[in-house]
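Chemist: Just one file: target.tsv, with TSV, C-alpha atoms.
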chain	number	residue	atom	x	y	z
K	5	MET	CA	-16.34	-48.62	74.54
K	6	PRO	CA	-14.53	-51.87	73.63
K	7	VAL	CA	-13.43	-54.16	76.44
K	8	THR	CA	-9.75	-55.04	76.84
K	9	TRP	CA	-8.75	-58.24	78.63
K	10	ASN	CA	-5.08	-58.85	79.32
K	11	PRO	CA	-4.93	-62.17	81.21
K	12	TRP	CA	-1.13	-62.00	81.17
K	13	HIS	CA	1.39	-59.26	80.49
K	14	GLY	CA	4.86	-59.27	78.99
K	15	CYS	CA	6.30	-61.00	75.95
K	16	ARG	CA	9.56	-62.00	74.31
K	17	LYS	CA	10.20	-60.31	70.98
K	18	ALA	CA	9.57	-62.64	68.05
K	19	SER	CA	10.52	-60.77	64.87
K	20	GLU	CA	11.45	-57.43	63.33
K	21	GLY	CA	8.00	-55.98	63.96
K	22	CYS	CA	8.65	-56.28	67.70
K	23	ARG	CA	11.73	-54.04	67.71
K	24	ASN	CA	9.92	-50.93	69.00
K	25	CYS	CA	7.10	-52.72	70.83
K	26	TYR	CA	4.77	-50.32	72.65
K	27	VAL	CA	4.54	-52.68	75.64
K	28	TYR	CA	8.30	-52.46	76.16
K	29	ARG	CA	8.13	-48.66	75.88
K	30	GLN	CA	5.37	-48.42	78.46
K	31	ASP	CA	7.01	-50.84	80.88
K	32	ALA	CA	10.34	-49.03	80.61
K	33	ARG	CA	8.74	-45.95	82.18
K	34	HIS	CA	8.07	-48.01	85.30
K	35	ALA	CA	11.34	-49.99	85.26
K	36	LEU	CA	9.47	-53.22	84.49
K	37	ASP	CA	10.93	-56.17	82.59
K	38	SER	CA	8.63	-56.73	79.60
K	39	SER	CA	10.32	-59.98	78.62
K	40	GLU	CA	9.08	-61.75	81.77
K	41	ALA	CA	5.43	-62.69	81.27
K	42	ARG	CA	3.17	-62.81	84.30
K	43	LYS	CA	-0.50	-63.34	85.02
K	44	THR	CA	-2.40	-60.15	85.72
K	45	ALA	CA	-4.95	-59.18	88.35
K	46	SER	CA	-7.60	-59.16	85.61
K	47	PHE	CA	-6.97	-62.79	84.61
K	48	ASP	CA	-10.58	-63.81	85.37
K	49	LEU	CA	-12.20	-60.63	84.05
K	50	PRO	CA	-14.66	-62.34	81.61
K	51	VAL	CA	-16.27	-64.37	84.39
K	52	ARG	CA	-16.40	-61.78	87.15
K	53	ARG	CA	-19.87	-61.10	88.48
K	54	SER	CA	-21.56	-58.18	90.16
K	55	ARG	CA	-23.23	-58.49	93.54
K	56	ASP	CA	-26.52	-59.30	91.83
K	57	GLY	CA	-24.90	-62.31	90.13
K	58	ARG	CA	-24.74	-60.87	86.63
K	59	PHE	CA	-21.50	-60.89	84.67
K	60	LYS	CA	-19.69	-57.57	84.86
K	61	ILE	CA	-19.05	-57.69	81.10
K	62	ALA	CA	-22.44	-57.65	79.42
K	63	GLY	CA	-23.18	-60.08	76.61
K	64	GLY	CA	-22.57	-58.94	73.07
K	65	GLU	CA	-19.31	-57.10	73.77
K	66	MET	CA	-16.15	-57.44	71.73
K	67	VAL	CA	-13.27	-58.35	74.07
K	68	TYR	CA	-9.82	-57.42	72.75
K	69	THR	CA	-7.66	-60.11	74.28
K	70	CYS	CA	-4.01	-60.19	75.33
K	71	PHE	CA	-2.95	-56.91	73.73
K	72	THR	CA	0.01	-56.51	76.13
K	73	SER	CA	1.40	-59.96	75.33
K	74	ASP	CA	0.88	-62.76	72.81
K	75	PHE	CA	-1.93	-65.24	73.50
K	76	LEU	CA	0.25	-68.08	72.16
K	77	LEU	CA	3.34	-67.12	74.17
K	78	GLU	CA	5.21	-70.20	75.44
K	79	LYS	CA	5.40	-68.86	79.00
K	80	ALA	CA	1.59	-68.70	79.08
K	81	ASP	CA	1.07	-72.41	78.33
K	82	PRO	CA	0.06	-73.24	81.94
K	83	TRP	CA	-2.48	-70.40	82.05
K	84	ARG	CA	-4.05	-70.69	78.60
K	85	PRO	CA	-6.39	-73.66	79.22
K	86	GLU	CA	-8.27	-71.62	81.80
K	87	ALA	CA	-8.44	-68.68	79.41
K	88	TRP	CA	-9.92	-70.94	76.70
K	89	ALA	CA	-12.41	-72.21	79.28
K	90	MET	CA	-13.56	-68.66	80.03
K	91	MET	CA	-14.02	-67.99	76.32
K	92	ARG	CA	-16.06	-71.16	76.02
K	93	LEU	CA	-18.21	-70.24	79.00
K	94	ARG	CA	-18.82	-66.71	77.72
K	95	ARG	CA	-20.14	-67.63	74.30
K	96	ASP	CA	-22.22	-64.47	74.50
K	97	LEU	CA	-19.00	-62.43	74.08
K	98	ARG	CA	-16.75	-62.09	71.06
K	99	PHE	CA	-13.02	-62.46	71.70
K	100	MET	CA	-10.23	-61.30	69.40
K	101	PHE	CA	-6.49	-61.82	69.77
K	102	PHE	CA	-3.51	-61.24	67.48
K	103	THR	CA	-0.40	-63.41	67.36
K	104	LYS	CA	3.07	-63.57	65.88
K	105	ARG	CA	3.25	-67.23	66.94
K	106	ILE	CA	0.57	-68.80	64.75
K	107	GLU	CA	2.75	-71.89	64.26
K	108	ARG	CA	2.03	-72.77	67.91
K	109	LEU	CA	-1.74	-72.73	67.56
K	110	HIS	CA	-2.21	-76.47	67.02
K	111	GLU	CA	-0.32	-77.43	70.16
K	112	THR	CA	-2.21	-74.92	72.32
K	113	LEU	CA	-5.82	-75.57	71.30
K	114	PRO	CA	-8.42	-76.92	73.75
K	115	PRO	CA	-9.74	-80.46	73.15
K	116	ASP	CA	-13.18	-79.27	72.02
K	117	TRP	CA	-11.92	-76.64	69.56
K	118	GLY	CA	-12.92	-78.55	66.42
K	119	GLN	CA	-12.81	-76.09	63.54
K	120	GLY	CA	-12.84	-73.17	65.97
K	121	TYR	CA	-14.99	-71.39	68.52
K	122	GLU	CA	-17.67	-69.29	66.84
K	123	ASN	CA	-16.98	-66.40	69.24
K	124	VAL	CA	-13.19	-66.22	68.73
K	125	THR	CA	-11.40	-64.26	66.00
K	126	ILE	CA	-7.67	-64.80	65.51
K	127	GLY	CA	-5.45	-62.28	63.80
K	128	CYS	CA	-2.07	-63.21	62.33
K	129	THR	CA	0.45	-60.34	62.35
K	130	VAL	CA	2.78	-59.88	59.39
K	131	GLU	CA	5.05	-56.85	59.17
K	132	ASN	CA	7.02	-57.65	56.02
K	133	GLN	CA	7.12	-60.13	53.13
K	134	GLU	CA	9.36	-62.57	54.99
K	135	MET	CA	6.88	-62.91	57.85
K	136	ALA	CA	3.94	-63.14	55.44
K	137	GLU	CA	5.55	-66.06	53.65
K	138	ARG	CA	6.47	-67.74	56.93
K	139	ARG	CA	3.23	-67.28	58.86
K	140	LEU	CA	0.32	-67.04	56.44
K	141	PRO	CA	0.45	-70.56	54.95
K	142	CYS	CA	0.19	-71.95	58.48
K	143	PHE	CA	-2.54	-69.43	59.33
K	144	LEU	CA	-4.69	-70.40	56.35
K	145	GLU	CA	-4.32	-74.10	57.11
K	146	ALA	CA	-5.24	-73.79	60.79
K	147	PRO	CA	-8.74	-74.63	62.06
K	148	ILE	CA	-10.09	-71.12	62.62
K	149	LEU	CA	-13.64	-69.92	61.98
K	150	HIS	CA	-12.86	-66.21	61.99
K	151	ARG	CA	-9.47	-64.92	60.88
K	152	VAL	CA	-7.97	-61.55	60.00
K	153	ILE	CA	-4.54	-60.53	58.72
K	154	ILE	CA	-2.85	-57.69	60.60
K	155	CYS	CA	-0.16	-55.83	58.65
K	156	ALA	CA	1.32	-53.82	61.51
K	157	PRO	CA	3.69	-52.27	61.96
K	158	LEU	CA	3.91	-52.21	58.18
K	159	LEU	CA	7.64	-52.10	57.41
K	160	GLY	CA	7.70	-52.59	53.66
K	161	PRO	CA	5.66	-53.44	50.58
K	162	LEU	CA	3.60	-56.62	50.89
K	163	ASP	CA	2.15	-58.98	48.33
K	164	LEU	CA	-0.66	-60.84	50.09
K	165	ARG	CA	-2.40	-62.10	46.96
K	166	PRO	CA	-1.51	-65.79	47.49
K	167	TRP	CA	-3.38	-65.76	50.81
K	168	LEU	CA	-6.35	-63.49	50.12
K	169	THR	CA	-9.00	-66.20	50.12
K	170	PRO	CA	-12.61	-66.10	51.37
K	171	ALA	CA	-11.32	-67.57	54.65
K	172	VAL	CA	-9.85	-64.14	55.48
K	173	GLU	CA	-12.47	-61.79	56.89
K	174	GLU	CA	-10.37	-58.62	56.87
K	175	VAL	CA	-6.93	-57.16	56.29
K	176	SER	CA	-6.03	-54.40	58.74
K	177	VAL	CA	-3.02	-52.13	58.15
K	178	GLY	CA	-1.12	-49.72	60.36
K	179	GLY	CA	2.21	-47.96	60.73
K	180	GLU	CA	4.54	-47.99	63.72
K	181	SER	CA	4.09	-45.68	66.70
K	182	GLY	CA	6.67	-44.28	69.12
K	183	SER	CA	9.61	-41.90	68.97
K	184	GLU	CA	11.78	-44.49	67.20
K	185	ALA	CA	9.08	-45.49	64.70
K	186	ARG	CA	10.18	-46.59	61.26
K	187	VAL	CA	8.66	-44.92	58.22
K	188	CYS	CA	5.46	-46.30	56.72
K	189	ASP	CA	4.97	-45.48	53.04
K	190	TYR	CA	1.38	-44.66	52.16
K	191	GLY	CA	1.99	-46.33	48.81
K	192	TRP	CA	2.44	-49.67	50.61
K	193	VAL	CA	-0.93	-49.13	52.29
K	194	THR	CA	-2.82	-48.32	49.10
K	195	ALA	CA	-1.19	-51.23	47.26
K	196	LEU	CA	-2.57	-53.58	49.92
K	197	ARG	CA	-5.96	-51.98	49.53
K	198	ARG	CA	-5.91	-52.66	45.79
K	199	GLN	CA	-5.07	-56.31	46.45
K	200	CYS	CA	-7.99	-56.59	48.87
K	201	VAL	CA	-10.44	-54.91	46.51
K	202	ALA	CA	-9.41	-57.26	43.70
K	203	ALA	CA	-9.93	-60.27	45.98
K	204	GLU	CA	-13.10	-58.81	47.54
K	205	ILE	CA	-11.62	-58.92	51.04
K	206	PRO	CA	-12.54	-56.12	53.50
K	207	PHE	CA	-9.69	-53.69	54.16
K	208	ARG	CA	-9.13	-51.35	57.11
K	209	TYR	CA	-6.49	-48.68	57.57
K	210	HIS	CA	-6.41	-48.49	61.34
K	211	GLN	CA	-3.32	-46.37	62.12
K	212	THR	CA	-0.95	-44.09	60.22
K	213	GLY	CA	2.02	-44.61	62.48
K	214	ALA	CA	4.27	-41.82	63.75
K	215	ARG	CA	6.14	-41.32	60.47
K	216	LEU	CA	4.11	-41.47	57.28
K	217	LEU	CA	5.66	-40.98	53.86
K	218	LYS	CA	3.09	-39.79	51.33
K	219	GLU	CA	3.81	-38.52	47.83
K	220	GLY	CA	7.43	-37.83	48.72
K	221	ARG	CA	6.67	-35.91	51.91
K	222	LEU	CA	7.35	-37.24	55.41
K	223	TYR	CA	4.63	-36.47	57.93
K	224	ARG	CA	5.20	-36.77	61.68
K	225	ILE	CA	1.92	-37.61	63.35
K	226	ARG	CA	1.26	-37.41	67.09
K	227	ARG	CA	0.17	-40.64	68.78
K	228	ALA	CA	-3.23	-39.20	69.70
K	229	CYS	CA	-3.99	-38.46	66.03
K	230	GLN	CA	-2.76	-41.63	64.31
K	231	HIS	CA	-6.04	-43.57	64.38
K	232	GLU	CA	-8.14	-40.54	63.45
K	233	GLN	CA	-5.87	-39.57	60.57
K	234	ALA	CA	-6.10	-43.12	59.20
K	235	ARG	CA	-9.91	-42.97	59.35
K	236	ARG	CA	-9.91	-39.58	57.65
K	237	ALA	CA	-8.01	-41.05	54.71
K	238	GLY	CA	-11.30	-42.70	53.77
K	239	ILE	CA	-9.77	-45.78	52.16
K	240	ASP	CA	-11.44	-48.53	54.19
K	241	TYR	CA	-13.11	-51.12	51.97
K	242	LYS	CA	-16.21	-52.80	53.35
K	243	ILE	CA	-18.38	-55.55	51.94
K	244	THR	CA	-21.94	-55.80	53.15
K	245	ASN	CA	-23.75	-59.12	53.49
K	246	ARG	CA	-20.54	-61.09	52.95
K	247	GLU	CA	-21.23	-64.81	53.00
Go ahead and express the file in the form of structure tokens.

Modeler:
Amino acid sequence: MPVTWNPWHGCRKASEGCRNCYVYRQDARHALDSSEARKTASFDLPVRRSRDGRFKIAGGEMVYTCFTSDFLLEKADPWRPEAWAMMRLRRDLRFMFFTKRIERLHETLPPDWGQGYENVTIGCTVENQEMAERRLPCFLEAPILHRVIICAPLLGPLDLRPWLTPAVEEVSVGGESGSEARVCDYGWVTALRRQCVAAEIPFRYHQTGARLLKEGRLYRIRRACQHEQARRAGIDYKITNRE
């Protein structure tokens, strides 16, 4: 089972893709203010040890990082250096985080970052063409060894062709979840797949969203089934032995 590490929780909405943020929905059930970021009790999770001295997270694991916030959130600036240090110490783990604030990356990097940490993958989230054109040029120019483009929640048709270079390791696509979810058109998904195939970039359809429009019919899909239904579509595009 993948490991989730949320060193801080809470985030201020950054763009249209944030409108129905799942973190805000979850916090609302407990009367919590999602816009006020705070360190969590699991802040030091990657470096915690068992009584025998071994790390509690075994080497080789993928650690999904900061999925209830944004790793580049301004409020987290005082905490981030320690988080980078834990990633550097645990080079035997692989860390992945997504961000809607890629323009802040340069000012938040640790001094020894160079062209990137080998064990860190950064995903840039783009939900529509406006955000793609704003964020992806910066994303492609940034010093990152492993990068993925996250088109979620997909809110409209996207033309990613200007940025589908060998520097991109994957494009991952998903619709919006929740009772107020906006419609995701399956045609937008397959168009992105065609772009990836033409550019020989791996493609993954990771989530249908709650409202999927396909061939003129609107499907309402329960949250528990959205990942499985996306997998069952069978449209992922993988490249083996990619240099």

Chemist: Report the distance between atom CA of Phe47 of chain K and atom CA of Lys79 of chain K in Å, rounded to one decimal place.

Modeler: 14.9 Å

Chemist: Which of these residues is nearest to Leu77 of chain K, using only C-alpha atoms: K:Trp117, K:Trp12, K:Tyr26, K:Phe99?

Modeler: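 Looking at the shortest contact to Leu77 of chain K, the residue is K:Trp12.
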
Chemist: So what do you get for atom CA of Arg108 of chain K versus atom CA of Arg95 of chain K, distance-wise?

Modeler: 23.6 Å

Chemist: Tell me which of K:Glu122, K:Glu137, K:Glu180, K:Glu174 sits closest to Leu149 of chain K, counting only C-alpha atoms.

Modeler: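 Going through K:Glu122, K:Glu137, K:Glu180, K:Glu174 one by one, the smallest distance to Leu149 of chain K is for K:Glu122.
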
Chemist: Would you work out the distance separating atom CA of Val27 of chain K from atom CA of Pro85 of chain K, expressed in Å to one decimal?

Modeler: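 The value is 23.9 Å.
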
Chemist: Using all atoms listed in the file, which residues of segment 109-159 of chain K come within 10 Å of segment 208-218 of chain K, and what is the closest atom pair for each, with the distance in Å to one decimal? Give it as JSON lines, sorted by chain and residue number.

Modeler:
{"residue": "K:Ile154", "atom": "CA", "partner": "K:Arg208", "partner_atom": "CA", "distance": 9.6}
{"residue": "K:Cys155", "atom": "CA", "partner": "K:Tyr209", "partner_atom": "CA", "distance": 9.6}
{"residue": "K:Ala156", "atom": "CA", "partner": "K:Gln211", "partner_atom": "CA", "distance": 8.8}
{"residue": "K:Pro157", "atom": "CA", "partner": "K:Gly213", "partner_atom": "CA", "distance": 7.9}
{"residue": "K:Leu158", "atom": "CA", "partner": "K:Gly213", "partner_atom": "CA", "distance": 8.9}

Chemist: Could you tell me which of K:Pro6, K:Gly220, K:Gly127, K:Pro206 comes closest to Leu140 of chain K if we count all atoms listed in the file?

Modeler: K:Gly127

Chemist: Edge lengths and centre in Å to one decimal, as AutoDock Vina command-line options, of the axis-aligned box that encloses all listed atoms of segment 92-104 of chain K with 6 Å added on every side?

Modeler:
--center_x -9.6 --center_y -66.2 --center_z 72.4 --size_x 37.3 --size_y 21.9 --size_z 25.1

Chemist: At a cut-off of 8 Å, using all atoms listed in the file, what residues contact Ala41 of chain K? Leave out same-chain residues fewer than 6 positions from it and give the result as a PyMOL selection string.

Modeler: chain K and resi 12-15+73+79-80

Chemist: So, counting all atoms listed in the file, which residue among K:Thr72, K:Gln233, K:Asn132, K:Thr244 is closest to Arg29 of chain K?

Modeler: K:Thr72
